[in-house]
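Scroll down for the structure; my scribbles are underneath it.
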Number of protein chains: 2
Amino acid sequence: MRNVSQKLSIARGEQPAELLFKNAKLVNVLSGEIHPAHVAVEDGRVVGIGDYKARKTIDLRGAYLAPSLIDGHFHVESSMLMAPEFARAVVPHGTGAVVIDPHEYANVLGLDGIRYVLESSKNLPLDFFIMLPSCVPATSLETAGARITADDLRLMIGDERVAGVAELMNFPGVYLGTKSELAKIEAGKGKCIDGHAPGLRGKNLNAYILAGVRSDHESVEVPEAREKLRLGMHILLREGSTERNLAHLLPLVNAHNAVNCSFATDDKLAGDLVHEGHIDHCIRKCIKLGLPPITAIQIATINVARHYRLHNLGAIAPRYWADFIVFDDLKKFRVRQTYKKGVLVAEDGKYLGKSVARVPLPRSTMNLRYEPRNLVVAATRAKKIRVIEIVPDQIVTKEVITAPKIEDGEIVPDIGRDILKLVVVERHRATGNVGVGFVRGFKLKRGAIGSTVAHDAHNVVVAGTNDADILRVIEELARLQGGQVAVADGKVKAELGLPIAGLVSDRPLAEVMKRIDALNAAARSMGCDLDAPFMTLSFLSLSPIPQLKLTDQGLIDAVRLKKTTLFVT
Amino acid sequence: MRNVSQKLSIARGEQPAELLFKNAKLVNVLSGEIHPAHVAVEDGRVVGIGDYKARKTIDLRGAYLAPSLIDGHFHVESSMLMAPEFARAVVPHGTGAVVIDPHEYANVLGLDGIRYVLESSKNLPLDFFIMLPSCVPATSLETAGARITADDLRLMIGDERVAGVAELMNFPGVYLGTKSELAKIEAGKGKCIDGHAPGLRGKNLNAYILAGVRSDHESVEVPEAREKLRLGMHILLREGSTERNLAHLLPLVNAHNAVNCSFATDDKLAGDLVHEGHIDHCIRKCIKLGLPPITAIQIATINVARHYRLHNLGAIAPRYWADFIVFDDLKKFRVRQTYKKGVLVAEDGKYLGKSVARVPLPRSTMNLRYEPRNLVVAATRAKKIRVIEIVPDQIVTKEVITAPKIEDGEIVPDIGRDILKLVVVERHRATGNVGVGFVRGFKLKRGAIGSTVAHDAHNVVVAGTNDADILRVIEELARLQGGQVAVADGKVKAELGLPIAGLVSDRPLAEVMKRIDALNAAARSMGCDLDAPFMTLSFLSLSPIPQLKLTDQGLIDAVRLKKTTLFVT
């Protein structure tokens, strides 16, 4: 703590503080109560609570003053926003810190991606703490841009903004005791080890926890979450754009165990963050569902700070950072003001953070090698093909076996039966890998849509009604250095450039939101009725999630975790 | 974790575990509930909870299984027991770990005293975690055996059994920003910083906390404790031999804030530990006073483990140490069995720990230089003297000003008015310092009692009815290399040798208890009606605690923290 003598003198009441937040209803997450208070702030920290003098007084006139909110697990890339623009989206909602797993950056750029996140998230009115991605690449069934080993984790674990090792998604690797996975846990010694184990129960769950994993954000129902909580996991109650588990899990939470719970969004789109909210939305939802407001706010602040060892965050008390939110109604819980280190950084939904110098963008990541003929699927004697079927609002898919439409000896999209062509082109190292398959559920009647956001390797993924538009999408994505594009009849209908790793826009929040809206509108105009067609598209390559996926290496049986064939023989 | 592969395989259920605790009612301090469970243990750790096979099964037949209990703040020297004998006293009560502040050892032996504690407390069925003494000597108003600076703390802070920096008793030094005190806090960076601030409130308390202190165990009433809790302090609910604050403080505690509370004994005598209990007694008392048992047990286990960052202690879940207690009645809470790393170490009040090799005792610490004439107080023209008045069961004293009894030009004890002579002889460095004063409250009719336990510098302190018996006490204490002695008519009536730093016995628990009883009986037979005359005696030198004290440097005005005179002029 700098200027200690000065601050102690102010705390003792010998000199005025810089700032006094007067007449607050202090939401005291430490004593578990709400009480009247005046809070003195100096040089960004709380120095005292009491009857202090100050050079500047902010009279809260009985409004609530609580610690700023913290997201316990988030992939910032899901917002497609640069850190400063992400701050613009969430700080007005009261967020003061996020624990992020830059898993997507790491899949594309490796350690350079993590370094970019660390650099580009400095000096903002929002603290970023990093969990080091532990599963890059996610599997060997797709070609990612990088590989991260335990040795890599050791290079960065000491950074004071690194809070630990991120979700160990290779949970069988962990519970089976694979050396590489255990080494990653060992690399995180003394910091937090996050888990990711959807549906894992019983003895294998015990083994997973025994190995050292101490959190999970994948439970969707109480019995699974209860088992994990009982076995020592910190439960991240997830409420993102698509994965919305909070209402289902809330019956588990009470004052006796809430300390072991945090909120997390995991993935949330820019528009949802702006319109619905961030962690404030979780609090509103909990209060609506009957959780005592003090418990909901504890979960959103001190509990997550404590779990991730974010010292001097998550509470309002001497030495803590003066990260505050102000609101007027405990039940409605609408954040009116957000303060960072005592500075007003958002008010009435408006972001007031100063603009920061942009750090150099990471290297280009679009290294394509493909030819039009790669997209052609020659018909064989086999009568049936495997088709990926989208499950709306889910990242799982189904496998459908059906007869293909054949024209001129080629398997072609069958718009009438909503069977489109799906293409994945490797983009990191110009391997020339192109995976081709078919997908049902987009309902495009014409054109094609494509994205370089495609979990987890983030190759180019395009779904389309014809090869010409698919090729046009790929060309446009290359030109944009990554992005999302909708093409119809050879023309670009809407696009969002994502030149930062092919994942994140370099444009302001408002422009990103507008372009996303335009992309969705374009897809709708082409016949798609999905809520989030590009998000759906981005999960069709995710090989660890059942049932059938497509990567640059071809069709993947995501249950057995091995390659499979298009044709059913 | 050693043998990871083997343990993971057992957790997965592929091979039998070493041990299965079957049919337990598991007190799950993580999920805040009690539920049926079977707990599998391998190599000292919980490996799984569920339907496991094991080479040995312990059928609990529905008994409660909870984590072993943890004392959050204790001066082990107050038991006058070596670590193994202390374990013998408390392990049958369910204690599995203690966070100790070897403040007394450090005052006598400096870092060597702390090293001795670390060494002598290894390989026991009780974990000792050390907070490094921060206030040695306590003041400059008495002569201690050692001095500990921030540099010394830095030498030891890295030890994995060192949990932080112990109670910063020089709280004005801290809140006033004294460099030496702030340096001690800085030395503890990344570990816990304990406080000690009796009665500190308001702005100075804010400054004390701002400086980095994050716990306190000195509150005796709710308003003070509430203020400290609200300002971010972890509250140690103290229940020792004399300081009994639990019942007073309990109204503060509820499920919303209990995570910020632990139990502590601070100082507790061997006999009280054996007969009344340790942390189990705190739990019983809380339950009796209406706290939900689950909350009481959380306070005694996971809450203290979490605060002091005692990883893998305080809960029953995979990877945690198999430190268990078994009991049959949730309300009565009598510990029937204690397990350490899966091994039964106490049952039905009987200690079953293996005997451990004794580590070499530290050097002799009795370095006296005095002459009989040092005890003589010549009368002066002053009519009145300051007399220390004992407040039964308190460490504070009162100052009484009264006319002395004079014989042959000397101030002498006045047995009729219960004014005894009190002598303090420096014992660490043979300075020849002898403090002489008078004390009211012991009610001895004959003889003298003396001790080398005399907070905080632990010089020789003797209260007596005549100089001959006082001298006899000092001689005997020298012969014993420290201890406690009762002498009457020139004869030793009872004695307890404390050759380890003059603080701790090298004898077994039973003998220590017997000798303490004999000492108390002797004091009683000599007319004393105090509950714990030797403990009372041991606090008469404690110069930071009001009102009037006597050290080797003479009478101390413990309010103004400066020397004062015997004669009132």
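Just remember, in the structure tokens the first chain shown is A, the second B, etc., residues are 1-based per chain, and ligands are 1-based in the order shown.
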Leaving out B:Arg479 and any residue of its chain fewer than 6 positions from it, which residues lie within 10 Å of it when counting only C-alpha atoms, given as a PDB file with N, CA, C and O atoms, in the first residue's frame?
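Below is the file out05.pdb, written as the result:
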ATOM      1  N   MET B 366      17.729 -19.754  32.919  1.00  0.00           N
ATOM      2  CA  MET B 366      17.716 -19.123  34.240  1.00  0.00           C
ATOM      3  C   MET B 366      19.077 -18.497  34.522  1.00  0.00           C
ATOM      4  O   MET B 366      20.038 -19.175  34.903  1.00  0.00           O
ATOM      5  N   VAL B 473      11.826 -19.298  47.555  1.00  0.00           N
ATOM      6  CA  VAL B 473      11.125 -19.539  46.284  1.00  0.00           C
ATOM      7  C   VAL B 473      12.080 -19.299  45.112  1.00  0.00           C
ATOM      8  O   VAL B 473      12.186 -20.123  44.194  1.00  0.00           O
ATOM      9  N   GLY B 497       8.415 -28.094  38.084  1.00  0.00           N
ATOM     10  CA  GLY B 497       9.564 -27.641  37.304  1.00  0.00           C
ATOM     11  C   GLY B 497       9.139 -27.329  35.881  1.00  0.00           C
ATOM     12  O   GLY B 497       8.339 -28.059  35.283  1.00  0.00           O
ATOM     13  N   PRO B 499      11.434 -26.628  33.079  1.00  0.00           N
ATOM     14  CA  PRO B 499      12.791 -26.415  32.576  1.00  0.00           C
ATOM     15  C   PRO B 499      12.845 -25.986  31.116  1.00  0.00           C
ATOM     16  O   PRO B 499      13.895 -25.572  30.645  1.00  0.00           O
TER      17      PRO B 499
END
Practice item. Would you please give, as a PyMOL selection string, all residues of stretch 85-212 of chain A that DSSP assigns to alpha helix (DSSP H) based on the backbone? Key: chain A and resi 85-90+103-109+111-120+150-156+171-175+179-187+202-210
Neighbours of B:Gly554 within 12 Å (only C-alpha atoms; same-chain residues fewer than 5 positions away dropped), as a compact mmCIF listing (two decimals) with N, CA, C and O atoms, in the first residue's frame?
# COMPACT_ATOMS: atom_id res chain seq x y z
N LEU B 141 9.46 -1.74 28.99
CA LEU B 141 9.34 -1.54 30.43
C LEU B 141 9.65 -2.80 31.23
O LEU B 141 9.49 -2.84 32.43
N GLU B 142 10.04 -3.86 30.51
CA GLU B 142 10.51 -5.05 31.20
C GLU B 142 11.61 -5.66 30.36
O GLU B 142 11.74 -5.37 29.17
N THR B 143 12.42 -6.52 30.95
CA THR B 143 13.57 -7.07 30.27
C THR B 143 13.28 -8.50 29.85
O THR B 143 13.14 -9.39 30.68
N ASN B 374 18.37 -6.79 47.88
CA ASN B 374 17.59 -6.21 46.78
C ASN B 374 16.10 -6.19 47.11
O ASN B 374 15.34 -5.43 46.51
N LEU B 375 15.71 -7.06 48.05
CA LEU B 375 14.28 -7.17 48.36
C LEU B 375 13.81 -6.13 49.38
O LEU B 375 12.62 -5.95 49.58
N ARG B 386 1.91 2.90 46.42
CA ARG B 386 1.02 2.30 45.41
C ARG B 386 1.01 0.80 45.60
O ARG B 386 2.07 0.17 45.66
N LEU B 422 5.73 -8.13 46.56
CA LEU B 422 5.81 -8.70 45.21
C LEU B 422 7.20 -8.39 44.66
O LEU B 422 7.63 -7.23 44.71
N VAL B 423 7.88 -9.42 44.19
CA VAL B 423 9.26 -9.25 43.72
C VAL B 423 9.38 -9.80 42.30
O VAL B 423 8.85 -10.88 42.00
N VAL B 424 10.05 -9.06 41.45
CA VAL B 424 10.34 -9.55 40.09
C VAL B 424 11.86 -9.51 39.88
O VAL B 424 12.48 -8.46 40.04
N VAL B 425 12.44 -10.67 39.56
CA VAL B 425 13.88 -10.75 39.34
C VAL B 425 14.14 -11.11 37.88
O VAL B 425 13.62 -12.10 37.38
N GLU B 426 14.89 -10.29 37.21
CA GLU B 426 15.23 -10.55 35.80
C GLU B 426 15.98 -11.87 35.72
O GLU B 426 16.86 -12.14 36.54
N ASN B 433 18.59 -6.77 37.68
CA ASN B 433 17.35 -6.00 37.88
C ASN B 433 16.43 -6.74 38.85
O ASN B 433 16.12 -7.92 38.63
N VAL B 434 16.01 -6.04 39.89
CA VAL B 434 15.00 -6.60 40.80
C VAL B 434 13.96 -5.52 41.04
O VAL B 434 14.30 -4.41 41.46
N GLY B 435 12.70 -5.83 40.71
CA GLY B 435 11.61 -4.91 41.01
C GLY B 435 10.91 -5.36 42.28
O GLY B 435 10.70 -6.55 42.48
N VAL B 436 10.59 -4.40 43.14
CA VAL B 436 9.89 -4.76 44.38
C VAL B 436 8.66 -3.87 44.52
O VAL B 436 8.74 -2.65 44.31
N GLY B 437 7.54 -4.48 44.86
CA GLY B 437 6.32 -3.72 45.08
C GLY B 437 5.42 -4.46 46.06
O GLY B 437 5.87 -5.39 46.75
N PHE B 438 4.17 -4.03 46.10
CA PHE B 438 3.24 -4.69 47.02
C PHE B 438 1.94 -5.00 46.30
O PHE B 438 1.57 -4.33 45.33
N VAL B 461 8.72 -14.04 39.21
CA VAL B 461 7.80 -13.20 39.99
C VAL B 461 7.40 -13.98 41.25
O VAL B 461 7.07 -15.17 41.17
N LEU B 540 0.86 -10.31 36.70
CA LEU B 540 1.14 -9.09 37.46
C LEU B 540 2.30 -8.29 36.88
O LEU B 540 2.52 -7.14 37.27
N SER B 541 3.05 -8.92 35.94
CA SER B 541 4.16 -8.19 35.30
C SER B 541 3.77 -7.65 33.93
O SER B 541 4.59 -7.02 33.27
N SER B 543 3.03 -5.48 31.51
CA SER B 543 3.01 -4.02 31.53
C SER B 543 2.05 -3.37 30.54
O SER B 543 1.66 -2.23 30.77
N LEU B 548 -1.86 -1.10 37.23
CA LEU B 548 -0.54 -1.00 37.86
C LEU B 548 0.12 -2.37 37.81
O LEU B 548 -0.49 -3.38 38.14
N LYS B 549 1.36 -2.42 37.33
CA LYS B 549 2.07 -3.70 37.22
C LYS B 549 3.47 -3.55 37.79
O LYS B 549 3.96 -2.43 38.04
N LYS B 562 4.44 3.85 31.44
CA LYS B 562 5.75 4.36 31.87
C LYS B 562 5.98 3.93 33.31
O LYS B 562 5.06 3.53 34.03
N LYS B 563 7.22 4.03 33.72
CA LYS B 563 7.55 3.64 35.09
C LYS B 563 6.91 4.61 36.07
O LYS B 563 6.72 5.79 35.77
N THR B 564 6.62 4.07 37.23
CA THR B 564 6.10 4.95 38.27
C THR B 564 6.84 4.61 39.57
O THR B 564 7.72 3.75 39.59
N THR B 565 6.46 5.27 40.63
CA THR B 565 7.18 5.06 41.89
C THR B 565 6.29 4.31 42.87
O THR B 565 5.06 4.37 42.80
N LEU B 566 6.96 3.63 43.76
CA LEU B 566 6.22 2.96 44.83
C LEU B 566 5.59 4.00 45.75
O LEU B 566 4.41 3.90 46.10
N PHE B 567 6.40 4.99 46.08
CA PHE B 567 5.92 6.01 47.03
C PHE B 567 5.14 7.09 46.30
O PHE B 567 5.53 7.54 45.23
Exercise for review: Assign secondary structure with DSSP using the backbone only, and return the residues of stretch 76-197 of chain A in strand (DSSP E) as an NGL selection string.
Suggested key: :A and (95-100 or 127-132 or 162-168 or 192-195)
Point to revise | Selected residue of minimal separation from chain B among A:Ala457, A:Ile287, A:Leu310, A:Ala144, counting only C-alpha atoms | key: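 The closest residue to chain B is A:Leu310.
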Exercise for review: May I ask for the distance between atom CA of A:Gly349 and atom CA of A:Gly32, given in Å to one decimal place?
Suggested key: 27.7 Å
Check your understanding: If we count only C-alpha atoms, what is near A:Ile411 at a cut-off of 6 Å, once residues fewer than 6 positions away on the same chain are taken out, given as a PyMOL selection string?
Key -> chain A and resi 377+379+405
Point to revise | Contact residues around B:Glu160 with only C-alpha atoms at 10 Å, ignoring same-chain residues under 2 positions, as a list in words | key: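 After dropping sequence-adjacent residues, the list is Phe129, Ile130, Met156, Ile157, Gly158, Val162, Ala163 and Leu310 of chain B.
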Point to revise | Shell around B:Leu236 at 9 Å using only C-alpha atoms, local window under 2 positions removed, as an MDAnalysis selection string | key: chainID B and resid 72:73 215:219 234 238 260:265 304
Residues from last step as file, all heavy atoms, as a compact mmCIF listing (two decimals), in the first residue's frame:
# COMPACT_ATOMS: atom_id res chain seq x y z
N GLY B 72 -8.18 -21.50 16.66
CA GLY B 72 -7.67 -20.42 15.81
C GLY B 72 -6.60 -19.55 16.44
O GLY B 72 -5.90 -18.81 15.74
N HIS B 73 -6.48 -19.61 17.75
CA HIS B 73 -5.45 -18.78 18.40
C HIS B 73 -5.19 -19.29 19.80
O HIS B 73 -6.06 -19.25 20.66
CB HIS B 73 -5.90 -17.32 18.47
CG HIS B 73 -4.92 -16.45 19.20
ND1 HIS B 73 -3.67 -16.14 18.70
CD2 HIS B 73 -4.99 -15.84 20.43
CE1 HIS B 73 -3.02 -15.38 19.57
NE2 HIS B 73 -3.81 -15.18 20.62
N SER B 215 -7.58 -9.74 11.90
CA SER B 215 -8.31 -10.55 12.87
C SER B 215 -8.20 -9.91 14.24
O SER B 215 -7.34 -9.05 14.48
CB SER B 215 -7.75 -11.97 12.94
OG SER B 215 -6.60 -12.01 13.76
N ASP B 216 -9.05 -10.35 15.13
CA ASP B 216 -8.98 -9.90 16.52
C ASP B 216 -9.63 -10.93 17.42
O ASP B 216 -10.61 -11.57 17.04
CB ASP B 216 -9.68 -8.54 16.69
CG ASP B 216 -9.44 -7.97 18.08
OD1 ASP B 216 -8.31 -7.52 18.35
OD2 ASP B 216 -10.36 -8.00 18.92
N HIS B 217 -9.07 -11.09 18.61
CA HIS B 217 -9.64 -12.05 19.56
C HIS B 217 -9.86 -11.40 20.91
O HIS B 217 -9.98 -12.09 21.92
CB HIS B 217 -8.73 -13.26 19.71
CG HIS B 217 -7.33 -12.89 20.11
ND1 HIS B 217 -6.33 -12.72 19.18
CD2 HIS B 217 -6.78 -12.63 21.30
CE1 HIS B 217 -5.20 -12.37 19.81
NE2 HIS B 217 -5.45 -12.31 21.10
N GLU B 218 -9.90 -10.09 20.94
CA GLU B 218 -9.94 -9.40 22.23
C GLU B 218 -11.29 -8.79 22.57
O GLU B 218 -11.45 -8.22 23.64
CB GLU B 218 -8.86 -8.32 22.26
CG GLU B 218 -7.44 -8.85 22.29
CD GLU B 218 -7.10 -9.55 23.61
OE1 GLU B 218 -7.77 -9.26 24.63
OE2 GLU B 218 -6.19 -10.39 23.61
N SER B 219 -12.26 -8.89 21.66
CA SER B 219 -13.56 -8.29 21.98
C SER B 219 -14.22 -9.06 23.10
O SER B 219 -14.20 -10.29 23.12
CB SER B 219 -14.47 -8.33 20.75
OG SER B 219 -13.93 -7.56 19.71
N HIS B 234 -11.59 -10.83 10.97
CA HIS B 234 -12.04 -12.16 11.36
C HIS B 234 -12.11 -12.17 12.88
O HIS B 234 -11.17 -11.77 13.56
CB HIS B 234 -11.03 -13.18 10.85
CG HIS B 234 -11.48 -14.59 10.98
ND1 HIS B 234 -12.27 -15.22 10.04
CD2 HIS B 234 -11.26 -15.51 11.95
CE1 HIS B 234 -12.51 -16.45 10.43
NE2 HIS B 234 -11.91 -16.66 11.57
N ARG B 238 -13.31 -16.00 21.78
CA ARG B 238 -12.36 -16.56 22.75
C ARG B 238 -13.06 -17.20 23.94
O ARG B 238 -13.99 -16.64 24.51
CB ARG B 238 -11.43 -15.46 23.25
CG ARG B 238 -10.41 -15.96 24.25
CD ARG B 238 -9.35 -14.93 24.50
NE ARG B 238 -9.93 -13.66 24.93
CZ ARG B 238 -9.22 -12.56 25.16
NH1 ARG B 238 -7.92 -12.56 24.98
NH2 ARG B 238 -9.81 -11.45 25.55
N ASN B 260 -16.78 -15.56 8.98
CA ASN B 260 -15.73 -14.66 9.47
C ASN B 260 -15.46 -14.83 10.96
O ASN B 260 -14.93 -13.93 11.61
CB ASN B 260 -16.12 -13.21 9.17
CG ASN B 260 -16.23 -12.97 7.68
OD1 ASN B 260 -15.36 -13.39 6.92
ND2 ASN B 260 -17.31 -12.34 7.24
N CYS B 261 -15.85 -15.99 11.48
CA CYS B 261 -15.62 -16.27 12.90
C CYS B 261 -14.91 -17.61 13.09
O CYS B 261 -15.12 -18.55 12.33
CB CYS B 261 -16.95 -16.32 13.66
SG CYS B 261 -17.88 -14.78 13.59
N SER B 262 -14.08 -17.66 14.10
CA SER B 262 -13.45 -18.91 14.54
C SER B 262 -13.50 -18.95 16.05
O SER B 262 -13.75 -17.94 16.70
CB SER B 262 -11.98 -18.96 14.10
OG SER B 262 -11.85 -18.92 12.71
N PHE B 263 -13.23 -20.13 16.58
CA PHE B 263 -13.06 -20.25 18.03
C PHE B 263 -11.58 -20.15 18.37
O PHE B 263 -10.72 -20.55 17.58
CB PHE B 263 -13.59 -21.59 18.54
CG PHE B 263 -15.07 -21.77 18.37
CD1 PHE B 263 -15.57 -22.83 17.63
CD2 PHE B 263 -15.96 -20.88 18.96
CE1 PHE B 263 -16.93 -23.01 17.46
CE2 PHE B 263 -17.34 -21.06 18.80
CZ PHE B 263 -17.81 -22.13 18.05
N ALA B 264 -11.31 -19.65 19.57
CA ALA B 264 -9.94 -19.59 20.05
C ALA B 264 -9.96 -19.72 21.56
O ALA B 264 -10.93 -19.32 22.22
CB ALA B 264 -9.31 -18.26 19.66
N THR B 265 -8.90 -20.29 22.10
CA THR B 265 -8.81 -20.39 23.55
C THR B 265 -7.82 -19.38 24.12
O THR B 265 -7.91 -19.02 25.28
CB THR B 265 -8.40 -21.81 23.98
OG1 THR B 265 -7.33 -22.24 23.15
CG2 THR B 265 -9.56 -22.76 23.83
N VAL B 304 -12.12 -21.62 10.26
CA VAL B 304 -10.78 -21.29 10.75
C VAL B 304 -9.72 -21.78 9.76
O VAL B 304 -8.74 -21.09 9.47
CB VAL B 304 -10.57 -21.80 12.19
CG1 VAL B 304 -10.83 -23.26 12.30
CG2 VAL B 304 -9.16 -21.50 12.70
Check your understanding: With only C-alpha atoms as the atoms that count, which of B:Asp348, B:Asp267, B:Glu186, B:Asp152 lies nearest to chain A?
Key ->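 Using only C-alpha atoms, chain A sits closest to B:Glu186.
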Review point. Counting only C-alpha atoms, what is within 12 Å of B:Glu243, bar same-chain residues fewer than 2 positions away, as a ChimeraX atom specification?
Key: /B:217-220,237-241,245-248,264-269,392-396,535
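You will find atom CA of B:Gly62 at 22.9 Å from atom CA of B:Leu291.
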Check your understanding: Could you work out how far atom CA of B:Pro293 lies from atom CA of B:Arg336, giving the answer in Å with one decimal?
Key ->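 Separation between atom CA of B:Arg336 and atom CA of B:Pro293: 16.9 Å.
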Study note, to complete from the structure: From the list B:Val335, B:Ala501, B:Ala486, B:Leu477, the nearest residue to B:Arg524 using only C-alpha atoms is B:Ala486
